[in-house]
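Student: Below you'll find the structure I mean.
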Amino acid sequence: MKKPHRLQKLQDLIQAKRYGTQKEIQEDLERLGYQVTQSGLSRDLDALHVVKRDGRYALPSAGRSAASAGLLGLAVSGESLIVARTLPGLASAIALDIDRAALPMVVGTIAGDDTVFIAATDRAGQRAALAALWELFAAPDKREG
């Protein structure tokens, strides 16, 4: 199964159930037909910006969620590319939000229908961009009010 689908399922699982170990998450993913190694699961958790809070895995939380903005997940590819999966038809809006944020580590974006390619300056920029993107889409919408 493709990584964006696995990331979405992983996100759904973490929202629905309390997990204390990666092994528990891996077992549930495998029951659902998603084969993932422990190191792959760690990378997926990192891509989703999942943290361990109070002994359980949790998604980032804030006023405006990434999902409410149309962002479904972020994944790294290579040394400087980030792939953002969005709800159908929202990739251009997400790319515009990223471009308007003028993140110094982001060189540019290319949007399709449900996918945005985000080019970072380098590997360090890629990691910084991941954190900044989660923060950007998790922060309350500053355009309101």
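Identifiers for the structure tokens are assigned positionally: chains receive A, B, ... in sequence, residues are indexed from 1 per chain, and ligands are indexed from 1 in the order shown.
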Residues of range 41-105 of chain A that approach range 125-132 of chain A to 12 Å or less, counting only C-alpha atoms: could you list each one with the shortest pair of atoms and its distance in Å to one decimal, rows by chain and increasing residue number, as a tab-separated table?

Tutor:
residue	atom	partner	partner_atom	distance
A:Arg43	CA	A:Arg127	CA	11.8
A:Asp46	CA	A:Leu130	CA	9.2
A:Ala47	CA	A:Leu130	CA	7.4
A:Leu48	CA	A:Leu130	CA	9.0
A:His49	CA	A:Ala131	CA	7.5
A:Val50	CA	A:Ala131	CA	11.0
A:Pro60	CA	A:Ala131	CA	10.7
A:Gly73	CA	A:Leu130	CA	10.5
A:Leu74	CA	A:Leu130	CA	7.5
A:Ala75	CA	A:Leu130	CA	8.5
A:Val76	CA	A:Gln126	CA	7.7
A:Ser77	CA	A:Gln126	CA	9.4
A:Gly78	CA	A:Gln126	CA	9.5
A:Glu79	CA	A:Gln126	CA	7.3
A:Ser80	CA	A:Gln126	CA	5.3
A:Leu81	CA	A:Gln126	CA	6.8
A:Ile82	CA	A:Gln126	CA	7.0
A:Val83	CA	A:Leu130	CA	10.1
A:Ala84	CA	A:Leu130	CA	10.0
A:Ile98	CA	A:Ala132	CA	9.7
A:Ala101	CA	A:Ala132	CA	9.6
A:Ala102	CA	A:Ala132	CA	10.8
A:Leu103	CA	A:Ala129	CA	7.5
A:Pro104	CA	A:Gly125	CA	8.5
A:Met105	CA	A:Gly125	CA	4.9

Student: Suppose we keep N, CA, C and O atoms; can you now write the selection as a compact mmCIF listing (two decimals), in the first residue's frame?

Tutor:
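Heads up, here's the output in selection00.txt:
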# COMPACT_ATOMS: atom_id res chain seq x y z
N ARG A 43 9.89 6.73 11.05
CA ARG A 43 9.93 7.82 10.06
C ARG A 43 8.53 8.35 9.80
O ARG A 43 8.33 9.57 9.68
N ASP A 46 7.51 10.50 12.68
CA ASP A 46 8.23 11.77 12.57
C ASP A 46 7.60 12.67 11.51
O ASP A 46 7.42 13.87 11.72
N ALA A 47 7.23 12.08 10.37
CA ALA A 47 6.61 12.85 9.30
C ALA A 47 5.28 13.45 9.73
O ALA A 47 4.91 14.54 9.30
N LEU A 48 4.54 12.73 10.57
CA LEU A 48 3.26 13.23 11.08
C LEU A 48 3.44 14.13 12.30
O LEU A 48 2.47 14.63 12.83
N HIS A 49 4.68 14.28 12.72
CA HIS A 49 5.01 15.10 13.89
C HIS A 49 4.35 14.57 15.17
O HIS A 49 3.93 15.32 16.04
N VAL A 50 4.26 13.24 15.24
CA VAL A 50 3.66 12.58 16.40
C VAL A 50 4.66 12.64 17.56
O VAL A 50 5.86 12.45 17.36
N PRO A 60 -0.03 16.30 16.83
CA PRO A 60 0.07 17.69 17.27
C PRO A 60 -1.33 18.29 17.43
O PRO A 60 -2.24 17.94 16.69
N GLY A 73 -1.14 14.94 5.21
CA GLY A 73 0.12 14.40 5.70
C GLY A 73 1.31 14.96 4.95
O GLY A 73 1.17 15.50 3.86
N LEU A 74 2.46 14.84 5.60
CA LEU A 74 3.72 15.27 5.01
C LEU A 74 4.69 14.09 5.03
O LEU A 74 4.74 13.35 6.01
N ALA A 75 5.44 13.94 3.95
CA ALA A 75 6.45 12.89 3.89
C ALA A 75 7.69 13.44 3.22
O ALA A 75 7.60 14.32 2.36
N VAL A 76 8.85 12.95 3.63
CA VAL A 76 10.09 13.39 3.01
C VAL A 76 10.45 12.46 1.87
O VAL A 76 10.10 11.29 1.86
N SER A 77 11.15 13.03 0.90
CA SER A 77 11.63 12.25 -0.24
C SER A 77 13.00 12.79 -0.60
O SER A 77 13.14 13.99 -0.86
N GLY A 78 13.99 11.94 -0.56
CA GLY A 78 15.34 12.37 -0.88
C GLY A 78 15.90 13.32 0.16
O GLY A 78 15.50 13.31 1.32
N GLU A 79 16.82 14.16 -0.27
CA GLU A 79 17.53 15.06 0.65
C GLU A 79 16.84 16.40 0.87
O GLU A 79 17.14 17.09 1.83
N SER A 80 15.95 16.81 -0.05
CA SER A 80 15.41 18.16 0.10
C SER A 80 13.95 18.31 -0.33
O SER A 80 13.46 19.43 -0.40
N LEU A 81 13.27 17.22 -0.59
CA LEU A 81 11.88 17.31 -1.05
C LEU A 81 10.92 16.86 0.05
O LEU A 81 11.19 15.89 0.77
N ILE A 82 9.82 17.58 0.18
CA ILE A 82 8.73 17.20 1.07
C ILE A 82 7.50 17.05 0.20
O ILE A 82 7.23 17.89 -0.67
N VAL A 83 6.75 15.97 0.41
CA VAL A 83 5.53 15.74 -0.34
C VAL A 83 4.36 15.90 0.62
O VAL A 83 4.28 15.20 1.63
N ALA A 84 3.48 16.83 0.30
CA ALA A 84 2.29 17.08 1.11
C ALA A 84 1.08 16.49 0.40
O ALA A 84 0.86 16.75 -0.78
N ILE A 98 1.78 28.06 1.99
CA ILE A 98 3.21 27.83 2.21
C ILE A 98 4.03 28.95 1.60
O ILE A 98 4.94 29.50 2.23
N ALA A 101 3.84 32.13 3.57
CA ALA A 101 4.56 32.07 4.85
C ALA A 101 6.02 32.47 4.68
O ALA A 101 6.68 32.82 5.66
N ALA A 102 6.53 32.43 3.46
CA ALA A 102 7.90 32.84 3.14
C ALA A 102 8.92 32.18 4.08
O ALA A 102 9.77 32.85 4.65
N LEU A 103 8.82 30.88 4.22
CA LEU A 103 9.76 30.14 5.06
C LEU A 103 11.14 30.16 4.40
O LEU A 103 11.26 29.80 3.23
N PRO A 104 12.16 30.58 5.11
CA PRO A 104 13.47 30.74 4.49
C PRO A 104 14.09 29.43 3.98
O PRO A 104 14.91 29.46 3.07
N MET A 105 13.67 28.30 4.55
CA MET A 105 14.23 27.03 4.12
C MET A 105 13.46 26.39 2.96
O MET A 105 13.84 25.34 2.47

Student: Would you list, as a VMD selection string, the residues of range 76-129 of chain A that end up in alpha helix (DSSP H) under DSSP run on this structure's backbone?

Tutor: chain A and resid 91 to 101 123 to 129

Student: Could you please take those selected residues and save C-alpha atoms as a short mmCIF file (atom, residue, chain, number, x, y, z; two decimals), in the first residue's frame?

Tutor:
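The new file part.cif reads:
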data_model
loop_
_atom_site.label_atom_id
_atom_site.label_comp_id
_atom_site.auth_asym_id
_atom_site.auth_seq_id
_atom_site.Cartn_x
_atom_site.Cartn_y
_atom_site.Cartn_z
CA ALA A 91 -3.27 21.44 -3.08
CA SER A 92 -3.10 24.90 -4.69
CA ALA A 93 -4.52 26.57 -1.57
CA ILE A 94 -2.05 24.72 0.66
CA ALA A 95 0.84 25.66 -1.65
CA LEU A 96 -0.26 29.30 -1.59
CA ASP A 97 -0.32 29.27 2.23
CA ILE A 98 3.21 27.83 2.21
CA ASP A 99 4.45 30.41 -0.31
CA ARG A 100 2.87 33.27 1.65
CA ALA A 101 4.56 32.07 4.85
CA ARG A 123 18.58 18.15 4.30
CA ALA A 124 18.69 20.45 7.36
CA GLY A 125 16.22 22.78 5.64
CA GLN A 126 13.97 19.81 4.93
CA ARG A 127 13.78 18.93 8.64
CA ALA A 128 13.24 22.55 9.66
CA ALA A 129 10.57 22.92 6.98
#

Student: Find the distance between CA of Ser39 in chain A and CA of Thr21 in chain A and write it in Å to one decimal.

Tutor: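 Distance between the two atoms: 13.3 Å.
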
Student: Hey, can you check how far CA of Gly70 in chain A sits from CA of Leu87 in chain A?

Tutor: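 We find that CA of Gly70 in chain A and CA of Leu87 in chain A lie 5.2 Å from each other.
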
Student: Just the number, please: distance in Å from CA of Ala16 in chain A to CA of Ile118 in chain A, one decimal.

Tutor: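 One can read the CA of Ala16 in chain A to CA of Ile118 in chain A distance as 29.5 Å.
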
Student: Pick out each residue of range 21-118 of chain A that DSSP on the backbone tags as strand (DSSP E or B); I need them as an MDAnalysis selection string.

Tutor: chainID A and resid 51:53 56:58 71:77 81:86 106:111 115:118

Student: Select, from A:Glu135, A:Gln11, A:Thr37, A:Arg85, the residue with the minimum atom-to-atom distance to Ala111 in chain A, counting only C-alpha atoms.

Tutor: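 The shortest atom-to-atom distance to Ala111 in chain A comes from A:Arg85.
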
Student: Nearest to Tyr57 in chain A: which of A:Gly108, A:Thr115, A:Arg6, A:Leu45 is it, counting only C-alpha atoms?

Tutor: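 Smallest separation from Tyr57 in chain A among the options: A:Leu45.
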
Student: Nearest residue to Arg18 in chain A out of A:Gly89, A:Gly112, A:Pro4, A:Gly55, using only C-alpha atoms?

Tutor: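 Counting only C-alpha atoms, the residue closest to Arg18 in chain A is A:Gly55.
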
Student: Contacts of Ile25 in chain A at 10 Å or less, counting only C-alpha atoms, minus same-chain residues fewer than 6 places along, as a list of chain:residue names?

Tutor: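 In the requested form, the answer reads A:Leu10, A:Leu13, A:Ile14, A:Lys17, A:Arg18, A:Tyr19, A:Arg31, A:Gln38, A:Leu41, A:Tyr57.
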
Student: Would you mind exporting N, CA, C and O atoms of the selected residues as a compact mmCIF listing (two decimals), in the first residue's frame?

Tutor:
# COMPACT_ATOMS: atom_id res chain seq x y z
N LEU A 10 -2.40 5.66 9.79
CA LEU A 10 -1.66 5.83 11.04
C LEU A 10 -2.24 7.00 11.85
O LEU A 10 -2.45 6.88 13.05
N LEU A 13 -5.53 5.89 13.33
CA LEU A 13 -5.34 4.98 14.46
C LEU A 13 -4.95 5.73 15.73
O LEU A 13 -5.49 5.48 16.80
N ILE A 14 -4.02 6.66 15.60
CA ILE A 14 -3.54 7.40 16.77
C ILE A 14 -4.64 8.28 17.35
O ILE A 14 -4.73 8.45 18.56
N LYS A 17 -7.20 5.52 19.18
CA LYS A 17 -6.79 4.59 20.21
C LYS A 17 -5.55 5.08 20.94
O LYS A 17 -4.72 5.76 20.35
N ARG A 18 -5.43 4.73 22.19
CA ARG A 18 -4.24 5.08 22.98
C ARG A 18 -3.15 4.04 22.74
O ARG A 18 -3.36 2.85 22.98
N TYR A 19 -1.99 4.49 22.26
CA TYR A 19 -0.86 3.60 22.01
C TYR A 19 0.30 4.00 22.91
O TYR A 19 0.68 5.17 22.95
N ARG A 31 -2.44 -5.63 10.92
CA ARG A 31 -3.79 -6.22 10.89
C ARG A 31 -4.64 -5.61 9.78
O ARG A 31 -5.53 -6.25 9.24
N GLN A 38 9.86 -1.29 11.88
CA GLN A 38 9.91 -0.38 13.02
C GLN A 38 10.56 0.94 12.62
O GLN A 38 10.08 2.01 12.98
N LEU A 41 8.13 2.89 10.55
CA LEU A 41 7.10 3.46 11.42
C LEU A 41 7.63 4.69 12.14
O LEU A 41 6.94 5.71 12.24
N TYR A 57 1.25 7.95 22.38
CA TYR A 57 1.52 8.69 21.16
C TYR A 57 0.34 9.60 20.85
O TYR A 57 -0.81 9.21 20.98
